[in-house]
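A.B. asks: Would you mind keeping the following structure in view while I ask a few things?
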Amino acid sequence: MQIKTGFEPVKNYLMRSNIIIIRKLKFVSLLSILSVMVHAQSNPLLGEFKTPHTTAPFPEIKNEHFLPALSEAIKTGEQETASIADNKEKPTFENTIEALERSGKMLSRIRSILFGLISAETNDELQQTAQEATPMMVKYQNDITLNPVLFQRVKAVYVQRDKLSLSAEQQTLLKNTYLGFVRQGANLSDAEKEKFRELKTELSKLTLQFGENVLKETNNYEMHISDKNRLTGLPESVLEAAAAVAKSKNREGWTFDITMPSYLPFMKFADNRDLRRELYLAYMSKSFQGGAYDNRENIRKIVNLRMELANLLGYSSYADYVLEQRMATNRDDVYNLLEDLYTASYPAALKEKEEIANYAKKTGFSGEIMPWDWSYYAEKLKEEKFDLNDEMLKPYFELSKVIDGVFGLATRLYGVTFKPNPEIPVYHKEVIPYEVYDADGSFLAVLYTDFHPRPGKRGGAWMGEYKSQWKENGTDSRPHITIVMNFTKPTETKPALLTFSEVETFLHEFGHALHGIFANSTYSSLSGTSVYQDFVELPSQIMENWAVEKDFLDQFAIHYKTGEPIPAGLVKKIKDAENYLAGYLSLRQLSFGFLDMAWHTLEQPFKGEIKEFEEEAWKKTQLFPIIDEACMSTQFGHLFAGGYGAGYYSYKLAEVLDADAFSLFREQGLFSREVATSFRENILEKGGTEHPMILYKRFRGHEPSADALLKRSGLK
Ligand SMILES: [Zn+2]
C-alpha cells in the first residue's frame with residue numbers, strides 16, 4: 001500500500017510472520033518433542049555459545065533442535081516467573097518489574113534465531129517447527145499476563161510509582177509492564193475478562209477471514225487475451241511474463257491478473273483503455289461483489305468489536321486505545337497532522353491532475369481522466385519530463401562500492417568502523433559478518449549482511465536482531481544485528497549493479513541497523529528498535545535523505561567500467577524525479593489515513609453501508625468521480641487484517657519526522673559530527689526508554705513540523 005512496503009524492521013515483521021503461522025495452526029506434536037528431548041544435552045541452542053561474541057552457532061543448529069530447546073527455555077521462563085509471583089517479600093521494582101524483564105531471556109534468544117532463519121534461510125521443516133512453536137510461545141505469554149498474583153505485585157509497585165526514585169528508563173519499564181497487563185484485561189472482573197477473551201478470539205478469526213477473502217478474490221481473477229493487437233504499449237518483459245502464465249495454464253496468448261507484478265505495469269503501459277478499465281475495476285472491487293468472499297459484513301463486525309473491546313478497557317474508541325502507546329498521543333494529534341499535510345497536498349494534486357489531463361489531450365485523448373487513465377498518462381509524461389531510467393544509473397552503483405559508501409557514511413557521521421570477521425559463524429556462505437567498532441575502538445555490535453535472493457529467503461528487505469542489547473551486573477551485552485536484502489545478483493560478466501531504489505533500500509535498512517548497533521539501554525525490552533510503531537521509521541528514513549546528495553554519491557558512485565564519477569546532471573534528474581506527482585501521492589496516503597481514522601474513532605455501533613461511509617470519510621481527498629463498483633475498505637488489509645488499524649497515519653508521520661530531523665543536517669552540514677552525535681545520543685541510543693516526543697525534542701529543539709517535508713517534496 002505504501003510504496004516501501006516490506007521494509008519494516010524485524011518487530012513488525014515478526015508480528016506478520018506470526019499471523020501467517022497461526023493461519024496454519026496445528027497441534028504440537030508432543031511425541032516429536034519428547035523423542036528429541038533425550039538429546040537435549042547435546043542441543044547447541046541450550047548451551048553457552050562458544051563463538052566470537054557468543055554469536056549464534058548457526059552451522060551446529062539443526063531444525064530438530066528448536067522444539068526441544070524452546071520447551072526447555074519455556075520451562076525455565078515459567079520457573080523464573082513463578083519465583084517472582086511466589087516471592088514472600090513485599091513487591092519492589094527490583095524483585096518484580098526488573099525481575100520480570102530479566103525473565104525468559106533464553107526463550108527470546110532461541111526465538112530470535114528461529115524467526116531470523118524463517119525469513120532468511122527457511123525450509124519446510126523449519127516452517128513446520130515455527131507453526132508448532134507459535135502456540136507454545138503464545139501460551140507462555142498469556143500465562144504471564146493472565147496470572148492474577150503476578151499482576152497484583154506489578155500493580156502494587158505501579159501505584160506507588162511517584163514515591164519510588166526511579167530513573168526515566170525505569171519509569172518507562174514500570175509503565176509498560178503495568179499497561180502490558182492492563183491492556184490484556186488484568187484489571188477487569190472475571191465476567192469482563194471472559195468477555196475480553198471472547199472479543200479477542202472473535203477478532204482474530206475475523207481479521208484472518210478478511211485477509212483470506214482478499215487473497216481468494218485476488219487469486220480468482222484473471223484476464224486472458226489471445227489477440228496481441230490489444231496489448232500494444234506493453235514492454236516485451238511484461239508480455240513474456242503474461243505469456244508464461246498463460247502457458248502454465250495450457251493456453252495460447254497472455255494472461256494478466258491483479259497481483260502487483262501483473263497489475264502495475266499493465267496500468268502503466270497498456271494502450272487499450274477498455275482493458276485498463278476492466279483490470280482496474282477487478283482490482284478495486286475485491287471482496288465487494290457479494291458472494292462468499294465479500295468483506296462488508298466482516299468490516300461491520302470488526303469495527304464494532306474493536307470499539308467494544310476498547311470500551312471494555314475504558315477507552316471511548318479503538319483509536320484512543322491504540323494511540324495510548326504511540327508518539328501521536330491522541331486523535332487530535334493525528335487529525336492535525338493529516339489536515340496540515342492535506343492543506344498543502346490538495347492544491348498541488350489538483351495542479352498535477354490538470355497537467356496530466358493537458359498532456360493526455362495533447363496526445364489525442366478526449367474526455368475525462370479516470371483512475372484507469374492516471375498511471376498510463378503519468379508514466380508517459382514522466383518519461384518525457386525526466387528521461388531517466390534504472391539502466392542509466394545502475395553502472396554507478398556496483399554493490400561493493402555501495403557498501404563502502406554506506407559504511408563510509410556511518411564512519412563520517414559517527415566515527416564507527418566495520419571489520420569483517422570470518423570466524424563468526426553464518427547460516428549461509430553469502431552472509432558476511434562484521435564487527436562494528438566505536439570511534440574510541442570499543443566493540444559495539446555484530447552486523448550480518450545478506451544481500452542476494454535465493455530460494456528459502458522471503459522477498460523484500462528487512463533488519464532484524466539475533467540478540468538484543470541490555471546491561472546487567474555492570475556488563476553491557478552488545479547486540480547482533482542483521483540486514484537482509486534481495487538485490488540484483490552479479491552475473492558471469494557483470495558485478496552486482498544496484499538500482500537507485502535498491503541503494504535507498506540499503507540506506508533504509510542500514511538506518512534501522514544503526515538504531516540497533518548504538519542501543520544503550522539497561523533493559524532489553526526498551527532497547528534499539530523497541531519503540532512505538534509510529535517512531536520506528538525515523539532512524540531508517542532519515543538515511544535515505546543522503547541518497548540524493550551529490551557530496552555523498554561522489555564518495556562511491558563511480559562507473560564500474562570507466563571509473564567516471566556520477567555526472568551532476570544525473571543526480572539532479574534523480575532529485576527532480578523524486579518529487580514527481582508528490583501532491584497526488586501525498587493526497588493518496590492522506591485519503592487512507594482519513595479513512596482509517598473514520599473507521600476507528602467510531603463511538604457508536606456501525607450498521608450502515610460500507611461504500612457510503614467510505615465516500616463520506618475521504619471525500620475531500622478524492623480527485624476522480626465516484627466509481628460505484630470500487631471500494632477500498634473491503635480490501636484494506638493494513639486496517640482489517642494487519643496491525644495498522646488507527647495507525648495508517650504513521651507512514652506520513654515518519655516522513656514528517658525524517659524530513660524535519662534531516663533539515664538540521666541541512667542547516668549545520670550534511671556530515672556534521674555534532675548533529676550526528678546529538679542524533680545518536682538523543683534518538684538512536686535511547687531506544688524506547690522515554691516517550692519519543694521527549695527524545696525528539698531533545699534532538700531537534702522543537703516538536704516536529706511538516707514544513708521540512710512540504711519543502712523537500714516541493715509542496716511549499
Ligand atoms: Zn523501515
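Letters A, B, ... mark the chains of the C-alpha cells in the order given; residue numbers begin at 1 per chain; ligand numbers begin at 1, in order shown.
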Using only C-alpha atoms, which protein or nucleic acid residues come within 6 Å of stretch 620-630 of chain A? Drop anything in the same chain fewer than 6 positions from it, and give the result as a list in words.

C.D. replies: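 Non-adjacent residues within range: Met284, Ser285 and Ser591 of chain A.
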
A.B. asks: If we count only C-alpha atoms, what is near A:Gly408 at a cut-off of 9 Å, once residues fewer than 5 positions away on the same chain are taken out, given as a PyMOL selection string?

C.D. replies: chain A and resi 403+413+416-417+555

A.B. asks: Can you list, as a ChimeraX atom specification, every protein, DNA or RNA residue that comes within 10 Å of A:Leu393 when you count only C-alpha atoms, leaving out same-chain residues fewer than 5 positions away?

C.D. replies: /A:388,497-500,557,559,566,570-571,574

A.B. asks: I need the chosen residues saved as a PDB file, in the first residue's frame, with C-alpha atoms.

C.D. replies:
```pdb
ATOM      1  CA  LEU A 388      15.648   8.767 -16.567  1.00  0.00           C
ATOM      2  CA  LEU A 497      24.788  -3.428 -10.058  1.00  0.00           C
ATOM      3  CA  LEU A 498      22.025  -1.896  -7.923  1.00  0.00           C
ATOM      4  CA  THR A 499      19.089   0.221  -8.989  1.00  0.00           C
ATOM      5  CA  PHE A 500      18.735   3.599  -7.304  1.00  0.00           C
ATOM      6  CA  ALA A 557      29.093   6.291  -7.217  1.00  0.00           C
ATOM      7  CA  HIS A 559      31.039   3.892 -13.206  1.00  0.00           C
ATOM      8  CA  ILE A 566      28.302  10.038 -11.469  1.00  0.00           C
ATOM      9  CA  LEU A 570      22.120  12.731 -13.491  1.00  0.00           C
ATOM     10  CA  VAL A 571      21.978  13.453  -9.765  1.00  0.00           C
ATOM     11  CA  ILE A 574      17.115  11.810  -9.680  1.00  0.00           C
TER      12      ILE A 574
END
```

A.B. asks: Could you find all residues in stretch 396-617 of chain A that DSSP calls helix (DSSP H, G or I) from the backbone, and write them as JSON, numbers by chain?

C.D. replies: {"A": [396, 399, 400, 401, 402, 403, 404, 405, 406, 407, 408, 409, 410, 411, 412, 413, 414, 500, 501, 502, 503, 504, 505, 506, 507, 508, 509, 510, 511, 512, 513, 514, 515, 516, 517, 524, 525, 526, 538, 539, 540, 541, 542, 543, 544, 545, 546, 547, 548, 550, 551, 552, 553, 568, 569, 570, 571, 572, 573, 574, 575, 576, 577, 578, 582, 583, 584, 585, 586, 587, 588, 589, 590, 591, 592, 593, 594, 595, 596, 597, 598, 599, 600, 610, 611, 612, 613, 614, 615, 616, 617]}

A.B. asks: Would you list the contacts of A:Glu212 as a count of residues only, taking every protein, DNA or RNA residue within 10 Å and counting only C-alpha atoms, but skipping same-chain residues closer than 3 positions in sequence?

C.D. replies: 12

A.B. asks: Could you name the residues that touch A:Glu578 at 12 Å or less, counting only C-alpha atoms, but leaving out those on the same chain fewer than 4 positions away, as a list in words?

C.D. replies: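 Listed by chain and then number, they are Lys382, Phe386, Leu388, Phe500, Ser501, Glu504, Glu544, Asn545, Ala547, Val548, Val571, Lys572, Lys573, Ile574, Ala582, Gly583, Leu585, Arg712, Ser713 and Gly714 of chain A.
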
A.B. asks: Do you know which residues are at most 7 Å from stretch 662-675 of chain A counting only C-alpha atoms, after dropping those on the same chain fewer than 4 positions away, and could you put them as an mmCIF file with N, CA, C and O atoms, in the first residue's frame?

C.D. replies:
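In the end it all went to result22.cif:
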```
data_model
loop_
_atom_site.group_PDB
_atom_site.id
_atom_site.type_symbol
_atom_site.label_atom_id
_atom_site.label_comp_id
_atom_site.auth_asym_id
_atom_site.auth_seq_id
_atom_site.Cartn_x
_atom_site.Cartn_y
_atom_site.Cartn_z
ATOM 1 N N ARG A 412 31.820 8.567 8.656
ATOM 2 C CA ARG A 412 31.929 10.027 8.591
ATOM 3 C C ARG A 412 31.051 10.697 9.653
ATOM 4 O O ARG A 412 31.441 11.668 10.284
ATOM 5 N N LEU A 413 29.845 10.152 9.853
ATOM 6 C CA LEU A 413 28.912 10.771 10.794
ATOM 7 C C LEU A 413 29.247 10.425 12.240
ATOM 8 O O LEU A 413 29.189 11.270 13.135
ATOM 9 N N TYR A 414 29.570 9.155 12.476
ATOM 10 C CA TYR A 414 29.656 8.683 13.856
ATOM 11 C C TYR A 414 31.036 8.177 14.255
ATOM 12 O O TYR A 414 31.250 7.809 15.412
ATOM 13 N N ILE A 542 15.524 8.610 7.677
ATOM 14 C CA ILE A 542 16.429 9.770 7.618
ATOM 15 C C ILE A 542 17.641 9.446 6.751
ATOM 16 O O ILE A 542 18.151 10.300 6.014
ATOM 17 N N ASP A 658 11.365 12.394 9.477
ATOM 18 C CA ASP A 658 12.698 12.257 8.877
ATOM 19 C C ASP A 658 13.101 13.544 8.148
ATOM 20 O O ASP A 658 14.253 13.945 8.184
ATOM 21 N N PHE A 679 22.056 13.193 17.340
ATOM 22 C CA PHE A 679 21.064 12.220 16.865
ATOM 23 C C PHE A 679 21.324 10.861 17.514
ATOM 24 O O PHE A 679 20.407 10.175 17.952
ATOM 25 N N ALA A 708 9.387 21.013 6.759
ATOM 26 C CA ALA A 708 10.546 20.451 6.051
ATOM 27 C C ALA A 708 10.106 19.432 5.007
ATOM 28 O O ALA A 708 10.645 19.397 3.899
#
```

A.B. asks: Name the closest residue to A:Ser527 among the candidates A:Glu89, A:Glu492, A:Glu685, A:Glu435; distances are taken between atoms, counting only C-alpha atoms.

C.D. replies: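 Using only C-alpha atoms, the shortest distance to A:Ser527 belongs to A:Glu685.
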
A.B. asks: When you count only C-alpha atoms, which of these residues is closest to A:Pro57: A:Lys362, A:Tyr321, A:Ile113, A:Gln79?

C.D. replies: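 For A:Pro57, the nearest of the given residues is A:Ile113.
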
A.B. asks: Report as an MDAnalysis selection string all protein, DNA and RNA residues lying within 12 Å of A:Tyr283, evaluated on only C-alpha atoms, omitting residues in the same chain fewer than 6 positions from it.

C.D. replies: chainID A and resid 214:215 217:223 256:260 262:264 266:267 276:277 289 371:372 629:632 634:636

A.B. asks: Looking only at the backbone, which of the residues in stretch 385-468 of chain A does DSSP tag as strand (DSSP E), as a list in words?

C.D. replies: Thr417, Phe418, Lys419, Pro420, Ile432, Pro433, Tyr434, Glu435, Val436, Tyr437, Phe443, Leu444, Ala445, Val446, Leu447, Tyr448, Thr449, Asp450, Trp462, Met463, Gly464, Glu465, Tyr466 and Lys467 of chain A

A.B. asks: Rounded to one decimal, what separation in Å do you get between atom CA of A:Phe535 and atom CA of A:Lys652?

C.D. replies: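 So the answer is 11.0 Å.
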
A.B. asks: To one decimal place, how far is atom CA of A:Ser112 from atom CA of A:Pro52 in Å?

C.D. replies: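 Rounded to one decimal, the two atoms are 18.1 Å apart.
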
A.B. asks: For atom CA of A:Lys711 and atom CA of A:Asn330, determine how far apart the two atoms are, in Å to one decimal place.

C.D. replies: 26.3 Å

A.B. asks: So which one's closest to ligand 1, A:Ile610, A:Ala568, A:Ile299, A:Ala461? Using only C-alpha atoms and all ligand atoms, please.

C.D. replies: A:Ala461
